[in-house]
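The structure file input.cif is reproduced below (mmCIF, C-alpha atoms).
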```cif
data_final
#
loop_
_atom_site.label_atom_id
_atom_site.label_comp_id
_atom_site.auth_asym_id
_atom_site.auth_seq_id
_atom_site.Cartn_x
_atom_site.Cartn_y
_atom_site.Cartn_z
CA MET A 216 0.00 0.00 0.00
CA THR A 217 2.82 2.41 0.89
CA LEU A 218 4.55 1.93 -2.48
CA ARG A 219 1.22 2.49 -4.27
CA LEU A 220 0.73 5.76 -2.36
CA VAL A 221 4.26 6.95 -3.20
CA VAL A 222 3.71 6.14 -6.88
CA LEU A 223 0.33 7.88 -6.84
CA GLY A 224 1.93 10.92 -5.20
CA ALA A 225 4.57 11.07 -7.93
CA LEU A 226 1.89 10.74 -10.60
CA LEU A 227 -0.12 13.52 -8.99
CA CYS A 228 2.87 15.84 -9.21
CA SER A 229 3.37 15.00 -12.89
CA TRP A 230 -0.34 15.57 -13.66
CA THR A 231 -0.21 19.10 -12.34
CA VAL A 232 2.41 19.79 -15.01
CA SER A 233 0.67 17.84 -17.78
CA SER A 234 -2.95 18.29 -18.82
CA GLU A 235 -3.07 14.71 -20.13
CA VAL A 236 -4.30 12.33 -17.45
CA VAL A 237 -3.38 8.76 -18.31
CA PRO A 238 -5.13 5.57 -17.18
CA GLN A 239 -3.48 3.11 -14.84
CA ALA A 240 -0.77 1.28 -16.82
CA ASP A 241 -1.83 -2.26 -15.90
CA PHE A 242 -5.59 -1.71 -16.08
CA ASN A 243 -7.65 -4.92 -15.72
CA LEU A 244 -11.19 -4.58 -17.07
CA GLN A 245 -12.41 -7.77 -15.37
CA GLY A 246 -11.18 -6.42 -12.02
CA MET A 247 -13.77 -3.63 -12.28
CA ALA A 248 -16.69 -6.07 -12.30
CA GLY A 249 -19.19 -5.80 -9.49
CA LYS A 250 -20.59 -3.28 -7.07
CA TRP A 251 -18.88 -0.01 -6.19
CA TYR A 252 -19.96 2.77 -3.81
CA LEU A 253 -19.55 6.36 -5.01
CA ILE A 254 -17.71 7.89 -2.06
CA GLY A 255 -16.10 11.02 -3.52
CA PHE A 256 -17.21 13.41 -6.25
CA ALA A 257 -15.46 16.58 -7.42
CA SER A 258 -16.12 19.09 -10.19
CA ASN A 259 -16.23 22.82 -10.87
CA ALA A 260 -19.33 22.35 -13.03
CA GLU A 261 -22.15 24.75 -12.16
CA TRP A 262 -24.70 21.92 -11.84
CA PHE A 263 -22.45 20.19 -9.29
CA VAL A 264 -21.79 23.36 -7.29
CA ASN A 265 -25.56 23.94 -7.13
CA HIS A 266 -26.42 20.36 -6.07
CA LYS A 267 -23.44 19.04 -4.09
CA ALA A 268 -25.06 19.77 -0.71
CA THR A 269 -27.91 17.36 -1.50
CA MET A 270 -25.86 14.58 -3.11
CA LYS A 271 -25.65 11.25 -1.28
CA MET A 272 -23.57 8.12 -1.72
CA GLY A 273 -24.88 5.88 -4.47
CA THR A 274 -23.84 2.64 -6.06
CA ALA A 275 -22.46 1.69 -9.45
CA MET A 276 -22.65 -1.80 -10.89
CA MET A 277 -19.84 -2.22 -13.39
CA THR A 278 -20.14 -5.04 -15.88
CA PRO A 279 -17.42 -5.72 -18.46
CA THR A 280 -18.82 -6.79 -21.84
CA ALA A 281 -17.48 -9.44 -24.19
CA ASP A 282 -16.35 -6.63 -26.53
CA GLY A 283 -14.21 -4.97 -23.86
CA ASP A 284 -16.65 -2.18 -23.05
CA LEU A 285 -17.92 -1.35 -19.57
CA ASP A 286 -21.63 -1.24 -18.74
CA ILE A 287 -22.18 1.11 -15.78
CA SER A 288 -25.48 1.26 -13.90
CA TYR A 289 -25.79 3.99 -11.28
CA ALA A 290 -28.41 4.23 -8.52
CA SER A 291 -28.74 6.88 -5.83
CA ARG A 292 -31.45 8.10 -3.49
CA LYS A 293 -32.79 11.61 -4.01
CA SER A 294 -33.83 13.92 -1.17
CA ASP A 295 -37.47 12.73 -1.49
CA ASP A 296 -36.24 9.13 -0.93
CA THR A 297 -36.99 8.04 -4.50
CA CYS A 298 -34.23 6.47 -6.56
CA TRP A 299 -32.42 8.12 -9.45
CA ARG A 300 -30.95 5.68 -11.97
CA LEU A 301 -28.68 6.05 -14.96
CA ASN A 302 -27.08 3.51 -17.30
CA ASN A 303 -24.12 4.15 -19.60
CA LEU A 304 -22.23 1.88 -21.93
CA ALA A 305 -18.64 3.10 -21.80
CA LYS A 306 -16.95 2.07 -25.05
CA LYS A 307 -13.33 0.96 -24.94
CA THR A 308 -10.68 2.98 -26.75
CA GLU A 309 -7.25 1.93 -28.02
CA THR A 310 -5.89 2.80 -24.57
CA PRO A 311 -6.72 0.25 -21.83
CA GLY A 312 -8.55 1.98 -18.99
CA ARG A 313 -9.89 4.79 -21.18
CA PHE A 314 -13.54 4.79 -22.24
CA THR A 315 -15.91 7.12 -24.06
CA TYR A 316 -19.67 7.40 -23.99
CA THR A 317 -22.40 9.79 -25.05
CA SER A 318 -25.33 10.94 -22.97
CA GLU A 319 -28.28 11.13 -25.32
CA ARG A 320 -30.29 12.62 -22.46
CA TRP A 321 -28.00 15.64 -22.05
CA GLY A 322 -26.22 15.74 -25.42
CA GLN A 323 -22.76 15.41 -23.88
CA GLU A 324 -19.62 13.44 -24.69
CA PHE A 325 -17.65 11.78 -21.88
CA ASP A 326 -13.98 10.71 -21.91
CA MET A 327 -13.37 8.61 -18.77
CA ARG A 328 -10.05 7.27 -17.53
CA MET A 329 -9.44 4.77 -14.74
CA VAL A 330 -6.55 6.59 -13.07
CA ASP A 331 -5.80 4.48 -10.01
CA VAL A 332 -7.49 1.20 -9.15
CA LYS A 333 -6.91 -1.27 -6.36
CA TYR A 334 -9.62 -3.68 -7.47
CA ASP A 335 -10.61 -4.97 -4.04
CA GLU A 336 -10.60 -1.52 -2.41
CA TYR A 337 -10.99 1.63 -4.54
CA ALA A 338 -11.10 3.17 -8.02
CA LEU A 339 -10.28 6.79 -8.90
CA THR A 340 -11.67 8.04 -12.21
CA HIS A 341 -11.10 11.22 -14.21
CA THR A 342 -13.71 12.26 -16.75
CA VAL A 343 -13.81 15.15 -19.20
CA LYS A 344 -17.39 15.97 -20.14
CA THR A 345 -17.88 18.06 -23.27
CA LYS A 346 -20.97 19.75 -24.60
CA GLY A 347 -20.12 21.92 -27.57
CA THR A 348 -16.86 23.66 -26.65
CA ASP A 349 -17.48 23.67 -22.90
CA PRO A 350 -15.36 20.96 -21.20
CA THR A 351 -15.96 20.02 -17.55
CA ILE A 352 -13.70 17.94 -15.32
CA ILE A 353 -15.24 15.35 -13.00
CA THR A 354 -13.27 13.13 -10.65
CA LYS A 355 -14.88 10.28 -8.75
CA LEU A 356 -13.73 7.97 -6.00
CA TYR A 357 -15.40 4.57 -5.74
CA GLY A 358 -14.97 2.03 -2.95
CA ARG A 359 -15.84 -1.64 -2.65
CA GLY A 360 -17.18 -0.75 0.79
CA VAL A 361 -18.73 2.45 2.17
CA THR A 362 -15.52 3.64 3.87
CA LEU A 363 -11.97 4.11 2.66
CA SER A 364 -8.75 4.91 4.49
CA PRO A 365 -7.85 8.55 5.22
CA GLU A 366 -4.84 8.14 2.89
CA VAL A 367 -7.02 7.13 -0.07
CA LEU A 368 -9.44 10.02 0.64
CA GLU A 369 -6.53 12.47 0.79
CA ASN A 370 -5.06 11.12 -2.46
CA PHE A 371 -8.43 11.70 -4.14
CA ARG A 372 -8.53 15.24 -2.75
CA GLN A 373 -5.00 15.98 -3.95
CA PHE A 374 -5.65 14.47 -7.37
CA SER A 375 -8.82 16.57 -7.76
CA LEU A 376 -6.96 19.73 -6.77
CA GLY A 377 -4.27 18.86 -9.32
CA THR A 378 -6.88 18.83 -12.09
CA GLY A 379 -7.92 22.39 -11.24
CA ILE A 380 -10.98 21.61 -9.13
CA LEU A 381 -11.49 24.10 -6.30
CA PRO A 382 -11.15 22.75 -2.73
CA GLU A 383 -14.75 23.62 -1.89
CA ASN A 384 -15.93 21.52 -4.85
CA ILE A 385 -14.49 18.26 -3.56
CA SER A 386 -17.18 16.29 -1.73
CA PHE A 387 -17.21 13.09 0.26
CA LEU A 388 -20.76 11.84 0.02
CA PRO A 389 -22.74 10.78 3.09
CA HIS A 390 -23.82 7.14 3.26
CA ILE A 391 -27.56 6.45 3.14
CA ALA A 392 -29.70 3.39 2.45
CA GLU A 393 -29.14 1.94 -1.00
CA CYS A 394 -31.73 1.89 -3.74
CA PRO A 395 -33.32 -1.53 -4.14
CA ALA A 396 -32.19 -3.59 -7.13
CA GLU A 397 -34.39 -3.36 -10.18
#
```
Please express the file's structure as structure tokens.
Amino acid sequence: MTLRLVVLGALLCSWTVSSEVVPQADFNLQGMAGKWYLIGFASNAEWFVNHKATMKMGTAMMTPTADGDLDISYASRKSDDTCWRLNNLAKKTETPGRFTYTSERWGQEFDMRMVDVKYDEYALTHTVKTKGTDPTIITKLYGRGVTLSPEVLENFRQFSLGTGILPENISFLPHIAECPAE
């Protein structure tokens, strides 16, 4: 774990110099399979700034496809206790750990990279969302359980800061009851 944190720290320093965020070198698509809890969320996007106070921890079911894509099904409780759900099929690119998908609902393109993954513990993702010429950065921290170590939380915070996200726009989401399976 210590070596992984040192390597991540070195990568964080290099990312502040370079605008190109690269996926984890030894990315394993099958290792992503299963349930993940969305623990951390960060973005300077106006919609996020306006809604971050009401966001709660949700779940993501990640299912690798036979073609090498990643089917992602999100579920989260809203403030009225109903469930919000979203499905995306993230299409593989030539770079392992990098996926793209389009939101027909919002007319946006997403470029997602799996930056740092310890498959039995956490996954840190970096996504550039584009609508027209307006790019937005989103970083997410997923956990296999509802809690992660202070070191992993701090690495997520530092990574998010290194991408230009303001400190006040880095959120650790409160745990609430999960949405029932569909």
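Closest approach to Ala290 of chain A among A:Thr354, A:Asn303, A:Thr345, A:Thr310 is made by A:Asn303 (distances from only C-alpha atoms).
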(Q) Show me, as a PyMOL selection string, the residues that have an atom within 10 Å of Ser258 of chain A when counting all atoms listed in the file, minus same-chain residues fewer than 6 positions from it. (A) chain A and resi 264+267+342+351-355+375-376+378-386
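With atom CA of Met272 of chain A on one side and atom CA of Arg313 of chain A on the other, the separation reads 24.0 Å.
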Step by step: start from the point (-0.2, 2.6, -16.1) in the file's coordinates, keep every protein, DNA or RNA residue that has an atom no farther than 10 Å from it, count all atoms listed in the file, and write the set as a short mmCIF file (atom, residue, chain, number, x, y, z; two decimals) with C-alpha atoms, keeping the file's coordinate frame.
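Final output, saved to part_14.cif:
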```cif
data_model
loop_
_atom_site.label_atom_id
_atom_site.label_comp_id
_atom_site.auth_asym_id
_atom_site.auth_seq_id
_atom_site.Cartn_x
_atom_site.Cartn_y
_atom_site.Cartn_z
CA VAL A 237 -3.38 8.76 -18.31
CA PRO A 238 -5.13 5.57 -17.18
CA GLN A 239 -3.48 3.11 -14.84
CA ALA A 240 -0.77 1.28 -16.82
CA ASP A 241 -1.83 -2.26 -15.90
CA PHE A 242 -5.59 -1.71 -16.08
CA PRO A 311 -6.72 0.25 -21.83
CA GLY A 312 -8.55 1.98 -18.99
CA MET A 329 -9.44 4.77 -14.74
CA VAL A 330 -6.55 6.59 -13.07
CA ASP A 331 -5.80 4.48 -10.01
#
```
key: For Thr278 of chain A: contacts at 8 Å, all atoms listed in the file, fewer than 5 positions along chain excluded, given as a ChimeraX atom specification   = /A:247-249,285-287
Quick one: residues within 9 Å of Leu368 of chain A, all atoms listed in the file counted, chain neighbours fewer than 3 positions away excluded, as a PDB file with C-alpha atoms, keeping the file's coordinate frame?
```pdb
ATOM      1  CA  ILE A 254     -17.710   7.890  -2.060  1.00  0.00           C
ATOM      2  CA  GLY A 255     -16.100  11.020  -3.520  1.00  0.00           C
ATOM      3  CA  LEU A 356     -13.730   7.970  -6.000  1.00  0.00           C
ATOM      4  CA  LEU A 363     -11.970   4.110   2.660  1.00  0.00           C
ATOM      5  CA  SER A 364      -8.750   4.910   4.490  1.00  0.00           C
ATOM      6  CA  PRO A 365      -7.850   8.550   5.220  1.00  0.00           C
ATOM      7  CA  PHE A 371      -8.430  11.700  -4.140  1.00  0.00           C
ATOM      8  CA  ARG A 372      -8.530  15.240  -2.750  1.00  0.00           C
ATOM      9  CA  GLN A 373      -5.000  15.980  -3.950  1.00  0.00           C
ATOM     10  CA  PHE A 387     -17.210  13.090   0.260  1.00  0.00           C
TER      11      PHE A 387
END
```
As a check of understanding: the span from atom CA of Val236 of chain A to atom CA of Met327 of chain A is 9.9 Å
Check: Please, which residues are within 12 Å of (-33.8, 16.2, -5.8) by the file's coordinates, counting all atoms listed in the file, and could they come as a VMD selection string?
Finding: chain A and resid 265 to 271 291 to 299
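What separates atom CA of Glu366 of chain A from atom CA of His341 of chain A is a distance of 18.5 Å.
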Six-sided padding of 3 Å per side, axis-aligned box over segment 309-325 of chain A, centre and edges in Å, one decimal, as AutoDock Vina command-line options:
```
--center_x -18.1 --center_y 8.0 --center_z -23.5 --size_x 30.4 --size_y 21.5 --size_z 15.0
```
Glu336 of chain A proximity check over A:Ala305, A:Trp262, A:Gly246, A:Glu324, using only C-alpha atoms: winner is A:Gly246
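Using only C-alpha atoms, the nearest neighbour of Pro389 of chain A within the list A:Asn370, A:Ser288, A:Thr362, A:Gln323 is A:Thr362.
Distances here use all atoms listed in the file; by that measure, the residue among A:Glu235, A:Asn243, A:Ala338, A:Lys333 closest to Gly377 of chain A is A:Glu235.
With all atoms listed in the file as the basis for measurement, A:Phe314 is the residue among A:Phe256, A:Trp251, A:Phe263, A:Phe314 that approaches Gly283 of chain A most closely.
Closest approach to Tyr357 of chain A among A:Val343, A:Ile391, A:Leu304, A:Val332: A:Val332, based on all atoms listed in the file.
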Residues matched by the PyMOL selection byres ((chain A and resi 250) around 7), written as a compact mmCIF listing (two decimals) with C-alpha atoms, in the frame of the given file:
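Output below, filename out23.txt:
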```txt
# COMPACT_ATOMS: atom_id res chain seq x y z
CA GLY A 249 -19.19 -5.80 -9.49
CA TRP A 251 -18.88 -0.01 -6.19
CA TYR A 252 -19.96 2.77 -3.81
CA THR A 274 -23.84 2.64 -6.06
CA ALA A 275 -22.46 1.69 -9.45
CA MET A 276 -22.65 -1.80 -10.89
CA MET A 277 -19.84 -2.22 -13.39
CA ARG A 359 -15.84 -1.64 -2.65
```
